[in-house]
$ cat run_23.csv   # CSV, C-alpha atoms
chain,number,residue,atom,x,y,z
A,1,MET,CA,-64.1,-1.8,9.0
A,2,SER,CA,-63.5,-0.8,5.4
A,3,PHE,CA,-64.0,-3.3,2.6
A,4,ASN,CA,-62.1,-1.1,0.1
A,5,TRP,CA,-65.1,-0.9,-2.2
A,6,ILE,CA,-64.8,2.8,-3.0
A,7,ASN,CA,-62.2,5.5,-3.7
A,8,VAL,CA,-63.0,8.0,-1.0
A,9,GLU,CA,-61.7,10.9,-3.2
A,10,ASP,CA,-64.6,10.2,-5.6
A,11,TYR,CA,-67.2,11.4,-3.1
A,12,THR,CA,-68.2,14.5,-1.2
A,13,SER,CA,-70.6,14.9,1.7
A,14,ASN,CA,-73.4,15.3,-0.8
A,15,ILE,CA,-73.5,11.5,-1.0
A,16,PHE,CA,-75.4,11.6,2.3
A,17,LEU,CA,-78.3,13.4,0.5
A,18,LEU,CA,-79.0,10.1,-1.4
A,19,MET,CA,-79.4,8.1,1.8
A,20,ASP,CA,-82.8,7.1,3.2
A,21,ARG,CA,-84.1,7.0,6.7
A,22,TRP,CA,-82.9,3.5,7.4
A,23,LEU,CA,-79.3,4.2,6.4
A,24,ILE,CA,-79.1,7.5,8.3
A,25,ARG,CA,-80.4,5.8,11.4
A,26,CYS,CA,-77.8,3.1,11.0
A,27,ILE,CA,-75.0,5.6,10.5
A,28,VAL,CA,-75.9,7.9,13.4
A,29,HIS,CA,-76.7,5.2,16.0
A,30,HIS,CA,-74.6,2.2,15.3
A,31,TYR,CA,-71.0,3.5,15.5
A,32,GLU,CA,-70.8,4.7,19.1
A,33,ASP,CA,-68.0,2.2,19.8
A,34,HIS,CA,-66.0,2.9,16.7
A,35,GLN,CA,-62.9,4.9,17.6
A,36,ASN,CA,-63.2,8.6,16.4
A,37,PHE,CA,-66.2,8.0,14.2
A,38,ASP,CA,-68.6,10.2,16.0
A,39,GLU,CA,-66.0,13.0,16.2
A,40,ASN,CA,-65.5,12.9,12.4
A,41,LEU,CA,-69.2,12.6,11.6
A,42,GLY,CA,-69.8,15.6,13.9
A,43,ILE,CA,-67.3,17.6,11.8
A,44,ILE,CA,-69.1,16.7,8.6
A,45,LEU,CA,-72.5,17.7,10.0
A,46,ALA,CA,-71.1,21.0,11.5
A,47,TYR,CA,-69.4,22.1,8.3
A,48,ASN,CA,-72.1,20.9,5.9
A,49,PRO,CA,-75.4,22.4,7.1
A,50,THR,CA,-77.4,21.0,4.2
A,51,VAL,CA,-76.4,17.5,5.2
A,52,ALA,CA,-77.2,18.2,8.9
A,53,TRP,CA,-80.6,19.6,7.9
A,54,TYR,CA,-81.3,16.6,5.7
A,55,PHE,CA,-80.4,14.2,8.5
A,56,GLY,CA,-83.0,15.9,10.7
A,57,LYS,CA,-85.7,15.9,8.1
A,58,ARG,CA,-85.1,12.5,6.7
A,59,ALA,CA,-84.6,10.7,10.1
A,60,PRO,CA,-86.0,12.9,12.9
A,61,GLU,CA,-85.2,10.3,15.5
A,62,THR,CA,-81.5,11.1,15.0
A,63,MET,CA,-81.8,14.8,15.7
A,64,GLU,CA,-80.9,14.7,19.4
A,65,LYS,CA,-77.6,12.9,18.7
A,66,ARG,CA,-77.0,15.0,15.5
A,67,ASP,CA,-77.2,18.2,17.5
A,68,ARG,CA,-74.9,16.8,20.1
A,69,LEU,CA,-72.3,15.8,17.5
A,70,ILE,CA,-72.5,19.3,15.9
A,71,ALA,CA,-72.1,21.0,19.3
A,72,ASN,CA,-69.0,19.0,20.1
A,73,ALA,CA,-67.3,19.6,16.7
A,74,PRO,CA,-64.2,21.7,16.8
A,75,LYS,CA,-64.5,25.3,15.5
A,76,GLY,CA,-62.4,27.0,12.9
A,77,LEU,CA,-61.2,23.9,11.0
A,78,THR,CA,-59.6,24.4,7.6
A,79,GLU,CA,-61.1,23.0,4.4
A,80,LYS,CA,-58.3,20.4,4.4
A,81,GLU,CA,-59.2,19.3,8.0
A,82,VAL,CA,-62.8,18.9,7.1
A,83,ARG,CA,-61.9,16.9,4.1
A,84,LEU,CA,-59.8,14.5,6.3
A,85,ALA,CA,-62.9,14.0,8.4
A,86,GLU,CA,-64.9,13.2,5.3
A,87,ASP,CA,-62.3,10.7,4.1
A,88,PHE,CA,-62.3,9.0,7.5
A,89,VAL,CA,-66.0,8.6,7.6
A,90,PHE,CA,-66.3,7.5,3.9
A,91,ASP,CA,-63.7,4.8,4.5
A,92,VAL,CA,-65.7,3.4,7.4
A,93,LEU,CA,-69.0,3.7,5.5
A,94,ASP,CA,-67.9,2.3,2.2
A,95,TRP,CA,-70.7,-0.4,2.7
A,96,ALA,CA,-73.3,2.4,3.0
A,97,ILE,CA,-72.0,4.4,0.1
A,98,VAL,CA,-72.2,1.6,-2.4
A,99,LEU,CA,-75.8,1.0,-1.4
A,100,VAL,CA,-76.7,4.4,-2.8
A,101,ASP,CA,-74.4,4.0,-5.8
A,102,PRO,CA,-75.6,0.6,-7.3
A,103,ASP,CA,-73.3,0.7,-10.4
A,104,VAL,CA,-70.3,1.0,-8.1
A,105,MET,CA,-71.7,-1.7,-5.9
A,106,ASN,CA,-72.0,-4.1,-8.9
A,107,SER,CA,-68.5,-3.3,-10.2
A,108,ASN,CA,-66.5,-3.0,-7.0
A,109,CYS,CA,-68.1,-5.5,-4.6
A,110,ASN,CA,-66.3,-8.8,-5.2
A,111,TYR,CA,-69.1,-10.9,-3.8
A,112,ILE,CA,-71.2,-9.6,-6.7
A,113,TYR,CA,-69.0,-9.4,-9.7
A,114,ASN,CA,-67.1,-12.6,-8.9
A,115,TRP,CA,-70.3,-14.7,-8.3
A,116,ASP,CA,-71.6,-17.7,-10.2
A,117,LYS,CA,-75.4,-18.1,-10.1
A,118,ASP,CA,-75.0,-21.9,-10.3
A,119,ARG,CA,-73.8,-21.7,-6.6
A,120,LEU,CA,-77.4,-20.7,-5.8
A,121,LEU,CA,-79.3,-22.8,-8.3
A,122,GLU,CA,-77.7,-26.1,-7.0
A,123,LEU,CA,-79.1,-25.5,-3.5
A,124,ALA,CA,-82.8,-26.0,-4.4
A,125,ASP,CA,-85.3,-26.6,-7.2
A,126,PHE,CA,-86.5,-23.2,-8.0
A,127,ASN,CA,-88.8,-24.3,-10.9
A,128,ASP,CA,-92.3,-22.8,-10.5
A,129,LYS,CA,-91.6,-21.8,-6.9
A,130,VAL,CA,-92.7,-18.7,-5.1
A,131,VAL,CA,-89.5,-17.2,-3.8
A,132,LEU,CA,-88.5,-14.4,-1.4
A,133,ASP,CA,-85.1,-12.7,-1.6
A,134,VAL,CA,-84.4,-10.8,1.7
A,135,GLY,CA,-81.9,-7.9,1.6
A,136,SER,CA,-81.9,-8.2,-2.2
A,137,GLY,CA,-79.5,-5.3,-2.9
A,138,THR,CA,-79.1,-5.0,-6.7
A,139,GLY,CA,-80.9,-8.3,-7.1
A,140,ARG,CA,-78.0,-10.8,-7.3
A,141,LEU,CA,-80.1,-13.7,-6.1
A,142,ALA,CA,-83.5,-12.5,-7.2
A,143,PHE,CA,-82.6,-12.1,-10.9
A,144,ALA,CA,-80.7,-15.4,-10.9
A,145,VAL,CA,-83.8,-17.4,-10.1
A,146,ALA,CA,-86.4,-15.4,-11.9
A,147,PRO,CA,-86.2,-17.4,-15.2
A,148,LEU,CA,-87.1,-20.5,-13.2
A,149,ALA,CA,-89.4,-19.3,-10.5
A,150,LYS,CA,-93.2,-18.7,-10.6
A,151,HIS,CA,-92.7,-15.4,-8.9
A,152,VAL,CA,-89.8,-13.7,-7.0
A,153,TYR,CA,-90.3,-11.0,-4.3
A,154,ALA,CA,-87.3,-8.9,-3.6
A,155,SER,CA,-87.3,-7.2,-0.2
A,156,GLU,CA,-84.8,-4.4,0.3
A,157,PRO,CA,-84.7,-1.5,2.8
A,158,VAL,CA,-82.6,0.9,0.8
A,159,ASP,CA,-84.7,2.9,-1.7
A,160,MET,CA,-81.9,3.6,-4.2
A,161,LEU,CA,-81.5,-0.2,-4.6
A,162,ARG,CA,-85.2,-0.7,-4.9
A,163,GLU,CA,-85.3,1.8,-7.7
A,164,TYR,CA,-82.3,0.2,-9.4
A,165,MET,CA,-84.1,-3.2,-9.4
A,166,ARG,CA,-87.3,-1.6,-10.7
A,167,ASP,CA,-85.4,0.1,-13.5
A,168,LYS,CA,-83.8,-3.3,-14.4
A,169,ILE,CA,-87.2,-5.0,-14.4
A,170,LYS,CA,-88.6,-2.4,-16.7
A,171,LYS,CA,-85.6,-2.3,-19.0
A,172,GLU,CA,-85.4,-6.1,-19.3
A,173,ARG,CA,-89.2,-6.6,-19.3
A,174,ILE,CA,-89.1,-9.0,-16.4
A,175,THR,CA,-92.6,-10.0,-15.5
A,176,ASN,CA,-92.3,-12.1,-12.4
A,177,VAL,CA,-90.2,-10.0,-9.9
A,178,THR,CA,-91.8,-7.7,-7.4
A,179,VAL,CA,-89.7,-5.3,-5.4
A,180,VAL,CA,-90.8,-4.2,-1.9
A,181,ASP,CA,-89.5,-2.3,1.2
A,182,GLY,CA,-88.6,-4.5,4.1
A,183,THR,CA,-85.8,-5.8,6.4
A,184,VAL,CA,-84.9,-9.3,7.6
A,185,GLU,CA,-86.3,-8.4,11.0
A,186,ARG,CA,-89.6,-7.2,9.5
A,187,ILE,CA,-90.7,-9.0,6.3
A,188,PRO,CA,-93.9,-7.4,4.9
A,189,TYR,CA,-95.7,-10.7,4.0
A,190,PRO,CA,-98.0,-13.1,5.8
A,191,ASP,CA,-97.1,-16.5,7.4
A,192,ASP,CA,-96.3,-19.5,5.2
A,193,MET,CA,-96.3,-17.6,1.9
A,194,PHE,CA,-93.1,-18.8,0.2
A,195,ASP,CA,-91.6,-22.1,-1.0
A,196,ILE,CA,-88.1,-20.7,-0.7
A,197,VAL,CA,-86.7,-17.8,1.3
A,198,MET,CA,-83.2,-16.8,0.5
A,199,SER,CA,-80.6,-14.2,1.4
A,200,GLY,CA,-76.9,-13.5,1.2
A,201,HIS,CA,-74.8,-11.4,3.6
A,202,VAL,CA,-77.9,-10.5,5.7
A,203,VAL,CA,-78.3,-13.0,8.6
A,204,GLY,CA,-75.9,-12.6,11.5
A,205,ASP,CA,-76.7,-9.5,13.6
A,206,ASN,CA,-79.5,-11.1,15.6
A,207,TYR,CA,-79.9,-14.8,14.7
A,208,GLU,CA,-83.0,-15.4,16.8
A,209,THR,CA,-85.0,-12.5,15.4
A,210,GLU,CA,-83.8,-12.9,11.9
A,211,LEU,CA,-84.3,-16.6,11.6
A,212,ALA,CA,-87.6,-16.5,13.3
A,213,GLU,CA,-88.9,-14.1,10.7
A,214,LEU,CA,-87.5,-16.1,7.8
A,215,THR,CA,-89.1,-19.2,9.3
A,216,ARG,CA,-92.4,-17.5,9.7
A,217,VAL,CA,-92.9,-16.7,6.0
A,218,VAL,CA,-91.7,-20.0,4.6
A,219,ARG,CA,-94.1,-22.8,4.0
A,220,ASN,CA,-93.9,-26.2,5.7
A,221,GLY,CA,-91.4,-28.2,3.8
A,222,GLY,CA,-89.9,-25.1,2.2
A,223,TYR,CA,-86.3,-24.0,2.4
A,224,ILE,CA,-84.3,-21.2,3.9
A,225,ILE,CA,-81.1,-20.5,2.0
A,226,ASP,CA,-78.2,-18.3,2.9
A,227,CYS,CA,-76.0,-17.9,-0.2
A,228,SER,CA,-73.0,-15.6,0.1
A,229,GLY,CA,-71.2,-14.4,-2.9
A,230,ASP,CA,-67.5,-15.2,-3.6
A,231,ASP,CA,-65.0,-13.0,-1.8
A,232,ASP,CA,-61.5,-13.2,-0.5
A,233,PHE,CA,-62.1,-13.7,3.2
A,234,LYS,CA,-60.3,-16.5,4.9
A,235,ARG,CA,-62.9,-18.1,7.2
A,236,LYS,CA,-62.0,-20.6,9.9
A,237,GLY,CA,-65.1,-22.7,9.3
A,238,PRO,CA,-68.9,-22.6,8.9
A,239,ASP,CA,-71.2,-20.4,10.9
A,240,SER,CA,-71.7,-22.3,14.2
A,241,GLU,CA,-74.9,-20.4,15.0
A,242,LEU,CA,-76.5,-21.6,11.8
A,243,LEU,CA,-75.3,-25.1,12.3
A,244,LYS,CA,-76.8,-25.1,15.9
A,245,ARG,CA,-80.1,-24.2,14.3
A,246,GLY,CA,-80.2,-27.1,11.9
A,247,PHE,CA,-78.6,-25.7,8.7
A,248,GLU,CA,-76.4,-27.8,6.5
A,249,TYR,CA,-73.5,-26.2,4.8
A,250,PHE,CA,-71.7,-26.4,1.4
A,251,TYR,CA,-68.1,-25.2,1.0
A,252,HIS,CA,-66.0,-24.1,-1.9
A,253,LYS,CA,-62.9,-22.1,-2.4
A,254,SER,CA,-63.4,-18.8,-4.2
A,255,SER,CA,-61.2,-17.9,-7.2
A,256,LEU,CA,-60.2,-14.9,-5.0
A,257,GLY,CA,-59.0,-17.3,-2.3
A,258,GLY,CA,-61.8,-16.9,0.1
A,259,ASP,CA,-63.5,-19.7,2.0
A,260,ILE,CA,-67.1,-19.7,1.0
A,261,TYR,CA,-69.9,-21.4,3.0
A,262,ARG,CA,-73.5,-21.6,1.8
A,263,TYR,CA,-76.3,-22.8,4.0
A,264,ARG,CA,-79.7,-24.6,3.6
A,265,LYS,CA,-82.4,-25.7,5.9
A,266,GLU,CA,-85.6,-27.5,5.2
A,267,VAL,CA,-88.3,-26.1,7.4
A,268,MET,CA,-90.7,-28.5,9.0
A,269,LYS,CA,-93.6,-26.9,11.0
$ encode --input "run_23.csv" --output "C-alpha cells"
Amino acid sequence: MSFNWINVEDYTSNIFLLMDRWLIRCIVHHYEDHQNFDENLGIILAYNPTVAWYFGKRAPETMEKRDRLIANAPKGLTEKEVRLAEDFVFDVLDWAIVLVDPDVMNSNCNYIYNWDKDRLLELADFNDKVVLDVGSGTGRLAFAVAPLAKHVYASEPVDMLREYMRDKIKKERITNVTVVDGTVERIPYPDDMFDIVMSGHVVGDNYETELAELTRVVRNGGYIIDCSGDDDFKRKGPDSELLKRGFEYFYHKSSLGGDIYRYRKEVMK
C-alpha cells in the first residue's frame, strides 16, 4: 500500500544505504504476500551489488532470503527495466523511505503537518508528568508535551529518526527529552515507570503483545494514550480491539476529511 508520501523519481537505490537493521529486516521479511514485491526487490539487489552487500552486513539474518532473491532475478535487464523495479519498490515502501528522510516525513506526511497538538493535550494532564512516547518518529507527540512534562522519553527504532530528534533537542536547547532505541514490543524501561505512555500510528499489528508492554511500563492510575494525527482516511468507526480492552475514544473530523479517533485508558493495577 502506498501513501503517496514521496515522489519515487527523487530516489535511487542508494536510499537503502541509510536504512538500519530494523528497517531492512522489515523490508526483506514482511512482504512475502505482496504481489510482485519480492521479484522487484530481487532485481534491485541483483543489479545494485553495494545495496546487496549492505543488506547482508547490516542485517545478516536476511542473507539467506537476500541470496535467494538475487538468484531468482532475471538476467540481462536494461537500465530502464531496473529503474521500473526500483519505482515499484519505492512506491510500496514510501513509509520506510520517509523514515530515513525526516524532512520529507515532516513535510509530506499529512498526519504530521496537519496536526494540532491540542488534540493530544486535551487527553490528559501532562503537567510535571514522566511521559513515554513510543514510536516517536520525528517527535510529534514528544515535543508537544515537553514544555509541560517533568521529563519525556522518546522511544524510536529507526536510527535516522533518533538522530533527527537529538539534533532538534540540541538546536532548541530542550533539556527534558531523552531519545532511546526501542519498539512497542520491547520498551527499554522497567515496570511502572511512567505516568503517561503515548503513541500514534503504532499499535495494531499485535494488540496483545503491544498493549501488554505499554501496560507494563505505566504506573497504577496512569494513562495509555493513542493519538493519531489528522489524515484523509474515511474510517467506519473506532478500533473495536481497543474498545474491547477498555479504551475510551474521542472523535473529530479532520480538515482533510478523515475520520479521526483518539483513545485513552486509565490503567488500574
$ closest_residue --input "run_23.csv" --among "A:Leu123, A:Phe250, A:Pro190, A:Asn206" --to "A:Ile224" --atoms "all atoms listed in the file"
A:Leu123
$ residues_around --input "run_23.csv" --residues "stretch 150-160 of chain A" --least-positions-apart "5" --cutoff "10 Å" --atoms "all atoms listed in the file" --output "ChimeraX atom specification"
/A:18-23,96,99-102,126-139,141-143,145,165-166,175-184,186-189,194,196-199
$ closest_residue --input "run_23.csv" --among "A:Asp232, A:Glu248, A:Asp195, A:Asp205" --to "A:Arg219" --atoms "all atoms listed in the file"
A:Asp195
$ residues_near_point --input "run_23.csv" --point "(-60.3, -13.5, -3.7)" --cutoff "12 Å" --atoms "only C-alpha atoms" --output "list in words"
Cys109, Asn110, Tyr111, Ile112, Tyr113, Asn114, Trp115, Gly229, Asp230, Asp231, Asp232, Phe233, Lys234, Lys253, Ser254, Ser255, Leu256, Gly257, Gly258, Asp259 and Ile260 of chain A
$ write_last_selection --input "run_23.csv" --atoms "C-alpha atoms" --output "PDB file, in the coordinates of the input"
ATOM      1  CA  CYS A 109     -68.100  -5.500  -4.600  1.00  0.00           C
ATOM      2  CA  ASN A 110     -66.300  -8.800  -5.200  1.00  0.00           C
ATOM      3  CA  TYR A 111     -69.100 -10.900  -3.800  1.00  0.00           C
ATOM      4  CA  ILE A 112     -71.200  -9.600  -6.700  1.00  0.00           C
ATOM      5  CA  TYR A 113     -69.000  -9.400  -9.700  1.00  0.00           C
ATOM      6  CA  ASN A 114     -67.100 -12.600  -8.900  1.00  0.00           C
ATOM      7  CA  TRP A 115     -70.300 -14.700  -8.300  1.00  0.00           C
ATOM      8  CA  GLY A 229     -71.200 -14.400  -2.900  1.00  0.00           C
ATOM      9  CA  ASP A 230     -67.500 -15.200  -3.600  1.00  0.00           C
ATOM     10  CA  ASP A 231     -65.000 -13.000  -1.800  1.00  0.00           C
ATOM     11  CA  ASP A 232     -61.500 -13.200  -0.500  1.00  0.00           C
ATOM     12  CA  PHE A 233     -62.100 -13.700   3.200  1.00  0.00           C
ATOM     13  CA  LYS A 234     -60.300 -16.500   4.900  1.00  0.00           C
ATOM     14  CA  LYS A 253     -62.900 -22.100  -2.400  1.00  0.00           C
ATOM     15  CA  SER A 254     -63.400 -18.800  -4.200  1.00  0.00           C
ATOM     16  CA  SER A 255     -61.200 -17.900  -7.200  1.00  0.00           C
ATOM     17  CA  LEU A 256     -60.200 -14.900  -5.000  1.00  0.00           C
ATOM     18  CA  GLY A 257     -59.000 -17.300  -2.300  1.00  0.00           C
ATOM     19  CA  GLY A 258     -61.800 -16.900   0.100  1.00  0.00           C
ATOM     20  CA  ASP A 259     -63.500 -19.700   2.000  1.00  0.00           C
ATOM     21  CA  ILE A 260     -67.100 -19.700   1.000  1.00  0.00           C
TER      22      ILE A 260
END
$ atom_distance --input "run_23.csv" --atom1 "atom CA of A:Lys265" --atom2 "atom CA of A:Glu241"
12.9 Å
$ atom_distance --input "run_23.csv" --atom1 "atom CA of A:Gly200" --atom2 "atom CA of A:Ala144"
12.8 Å
$ residues_around --input "run_23.csv" --residues "A:Arg262" --least-positions-apart "4" --cutoff "8 Å" --atoms "all atoms listed in the file" --output "number ranges by chain"
A: 225-228, 249-251
$ decode --input "run_23.csv" --residues "stretch 72-105 of chain A" --atoms "N, CA and C atoms" --output "PDB file, in the first residue's frame"
ATOM      1  N   ASN A  72      17.100 -15.556  -8.148  1.00  0.00           N
ATOM      2  CA  ASN A  72      15.883 -15.657  -8.953  1.00  0.00           C
ATOM      3  C   ASN A  72      15.651 -14.454  -9.860  1.00  0.00           C
ATOM      4  N   ALA A  73      16.484 -13.422  -9.735  1.00  0.00           N
ATOM      5  CA  ALA A  73      16.293 -12.216 -10.544  1.00  0.00           C
ATOM      6  C   ALA A  73      16.627 -12.496 -12.012  1.00  0.00           C
ATOM      7  N   PRO A  74      15.857 -11.937 -12.929  1.00  0.00           N
ATOM      8  CA  PRO A  74      16.142 -12.150 -14.358  1.00  0.00           C
ATOM      9  C   PRO A  74      17.459 -11.501 -14.771  1.00  0.00           C
ATOM     10  N   LYS A  75      18.140 -12.148 -15.687  1.00  0.00           N
ATOM     11  CA  LYS A  75      19.435 -11.652 -16.170  1.00  0.00           C
ATOM     12  C   LYS A  75      19.243 -10.740 -17.377  1.00  0.00           C
ATOM     13  N   GLY A  76      20.204  -9.869 -17.589  1.00  0.00           N
ATOM     14  CA  GLY A  76      20.252  -9.061 -18.797  1.00  0.00           C
ATOM     15  C   GLY A  76      19.217  -7.962 -18.900  1.00  0.00           C
ATOM     16  N   LEU A  77      18.734  -7.456 -17.787  1.00  0.00           N
ATOM     17  CA  LEU A  77      17.748  -6.378 -17.839  1.00  0.00           C
ATOM     18  C   LEU A  77      18.407  -5.073 -18.253  1.00  0.00           C
ATOM     19  N   THR A  78      17.639  -4.238 -18.902  1.00  0.00           N
ATOM     20  CA  THR A  78      18.131  -2.916 -19.278  1.00  0.00           C
ATOM     21  C   THR A  78      18.071  -1.979 -18.073  1.00  0.00           C
ATOM     22  N   GLU A  79      18.752  -0.853 -18.202  1.00  0.00           N
ATOM     23  CA  GLU A  79      18.727   0.146 -17.135  1.00  0.00           C
ATOM     24  C   GLU A  79      17.301   0.623 -16.875  1.00  0.00           C
ATOM     25  N   LYS A  80      16.518   0.764 -17.938  1.00  0.00           N
ATOM     26  CA  LYS A  80      15.133   1.191 -17.787  1.00  0.00           C
ATOM     27  C   LYS A  80      14.318   0.154 -17.030  1.00  0.00           C
ATOM     28  N   GLU A  81      14.540  -1.113 -17.293  1.00  0.00           N
ATOM     29  CA  GLU A  81      13.798  -2.176 -16.606  1.00  0.00           C
ATOM     30  C   GLU A  81      14.155  -2.231 -15.128  1.00  0.00           C
ATOM     31  N   VAL A  82      15.421  -2.005 -14.829  1.00  0.00           N
ATOM     32  CA  VAL A  82      15.833  -1.963 -13.421  1.00  0.00           C
ATOM     33  C   VAL A  82      15.184  -0.774 -12.726  1.00  0.00           C
ATOM     34  N   ARG A  83      15.126   0.352 -13.423  1.00  0.00           N
ATOM     35  CA  ARG A  83      14.503   1.538 -12.833  1.00  0.00           C
ATOM     36  C   ARG A  83      13.022   1.308 -12.562  1.00  0.00           C
ATOM     37  N   LEU A  84      12.331   0.584 -13.418  1.00  0.00           N
ATOM     38  CA  LEU A  84      10.927   0.260 -13.188  1.00  0.00           C
ATOM     39  C   LEU A  84      10.762  -0.566 -11.915  1.00  0.00           C
ATOM     40  N   ALA A  85      11.699  -1.484 -11.689  1.00  0.00           N
ATOM     41  CA  ALA A  85      11.655  -2.285 -10.459  1.00  0.00           C
ATOM     42  C   ALA A  85      11.868  -1.393  -9.240  1.00  0.00           C
ATOM     43  N   GLU A  86      12.804  -0.453  -9.341  1.00  0.00           N
ATOM     44  CA  GLU A  86      13.038   0.476  -8.239  1.00  0.00           C
ATOM     45  C   GLU A  86      11.793   1.311  -7.949  1.00  0.00           C
ATOM     46  N   ASP A  87      11.172   1.826  -8.996  1.00  0.00           N
ATOM     47  CA  ASP A  87       9.980   2.652  -8.803  1.00  0.00           C
ATOM     48  C   ASP A  87       8.869   1.853  -8.131  1.00  0.00           C
ATOM     49  N   PHE A  88       8.709   0.594  -8.524  1.00  0.00           N
ATOM     50  CA  PHE A  88       7.692  -0.260  -7.916  1.00  0.00           C
ATOM     51  C   PHE A  88       7.947  -0.419  -6.423  1.00  0.00           C
ATOM     52  N   VAL A  89       9.177  -0.757  -6.068  1.00  0.00           N
ATOM     53  CA  VAL A  89       9.530  -0.985  -4.661  1.00  0.00           C
ATOM     54  C   VAL A  89       9.443   0.313  -3.865  1.00  0.00           C
ATOM     55  N   PHE A  90       9.926   1.413  -4.412  1.00  0.00           N
ATOM     56  CA  PHE A  90       9.857   2.692  -3.705  1.00  0.00           C
ATOM     57  C   PHE A  90       8.408   3.086  -3.418  1.00  0.00           C
ATOM     58  N   ASP A  91       7.523   2.816  -4.368  1.00  0.00           N
ATOM     59  CA  ASP A  91       6.113   3.157  -4.175  1.00  0.00           C
ATOM     60  C   ASP A  91       5.515   2.351  -3.026  1.00  0.00           C
ATOM     61  N   VAL A  92       5.842   1.076  -2.944  1.00  0.00           N
ATOM     62  CA  VAL A  92       5.356   0.243  -1.842  1.00  0.00           C
ATOM     63  C   VAL A  92       5.966   0.678  -0.521  1.00  0.00           C
ATOM     64  N   LEU A  93       7.229   1.081  -0.563  1.00  0.00           N
ATOM     65  CA  LEU A  93       7.983   1.376   0.664  1.00  0.00           C
ATOM     66  C   LEU A  93       8.058   2.865   0.975  1.00  0.00           C
ATOM     67  N   ASP A  94       7.085   3.637   0.523  1.00  0.00           N
ATOM     68  CA  ASP A  94       7.167   5.064   0.832  1.00  0.00           C
ATOM     69  C   ASP A  94       7.203   5.311   2.330  1.00  0.00           C
ATOM     70  N   TRP A  95       6.515   4.467   3.111  1.00  0.00           N
ATOM     71  CA  TRP A  95       6.519   4.607   4.573  1.00  0.00           C
ATOM     72  C   TRP A  95       7.922   4.439   5.132  1.00  0.00           C
ATOM     73  N   ALA A  96       8.724   3.533   4.550  1.00  0.00           N
ATOM     74  CA  ALA A  96      10.084   3.293   5.040  1.00  0.00           C
ATOM     75  C   ALA A  96      11.042   4.383   4.581  1.00  0.00           C
ATOM     76  N   ILE A  97      10.852   4.858   3.375  1.00  0.00           N
ATOM     77  CA  ILE A  97      11.738   5.890   2.840  1.00  0.00           C
ATOM     78  C   ILE A  97      11.614   7.184   3.636  1.00  0.00           C
ATOM     79  N   VAL A  98      10.398   7.559   4.014  1.00  0.00           N
ATOM     80  CA  VAL A  98      10.276   8.795   4.789  1.00  0.00           C
ATOM     81  C   VAL A  98      10.902   8.646   6.173  1.00  0.00           C
ATOM     82  N   LEU A  99      11.013   7.420   6.669  1.00  0.00           N
ATOM     83  CA  LEU A  99      11.631   7.234   7.982  1.00  0.00           C
ATOM     84  C   LEU A  99      13.120   7.547   7.972  1.00  0.00           C
ATOM     85  N   VAL A 100      13.745   7.472   6.810  1.00  0.00           N
ATOM     86  CA  VAL A 100      15.169   7.831   6.724  1.00  0.00           C
ATOM     87  C   VAL A 100      15.355   9.175   6.029  1.00  0.00           C
ATOM     88  N   ASP A 101      14.274   9.880   5.799  1.00  0.00           N
ATOM     89  CA  ASP A 101      14.312  11.227   5.211  1.00  0.00           C
ATOM     90  C   ASP A 101      13.371  12.110   6.028  1.00  0.00           C
ATOM     91  N   PRO A 102      13.741  12.425   7.284  1.00  0.00           N
ATOM     92  CA  PRO A 102      12.808  13.075   8.214  1.00  0.00           C
ATOM     93  C   PRO A 102      12.230  14.389   7.735  1.00  0.00           C
ATOM     94  N   ASP A 103      12.992  15.182   6.967  1.00  0.00           N
ATOM     95  CA  ASP A 103      12.440  16.450   6.470  1.00  0.00           C
ATOM     96  C   ASP A 103      11.282  16.192   5.519  1.00  0.00           C
ATOM     97  N   VAL A 104      11.413  15.170   4.674  1.00  0.00           N
ATOM     98  CA  VAL A 104      10.316  14.790   3.783  1.00  0.00           C
ATOM     99  C   VAL A 104       9.154  14.247   4.605  1.00  0.00           C
ATOM    100  N   MET A 105       9.452  13.487   5.631  1.00  0.00           N
ATOM    101  CA  MET A 105       8.408  12.954   6.505  1.00  0.00           C
ATOM    102  C   MET A 105       7.585  14.090   7.109  1.00  0.00           C
TER     103      MET A 105
END
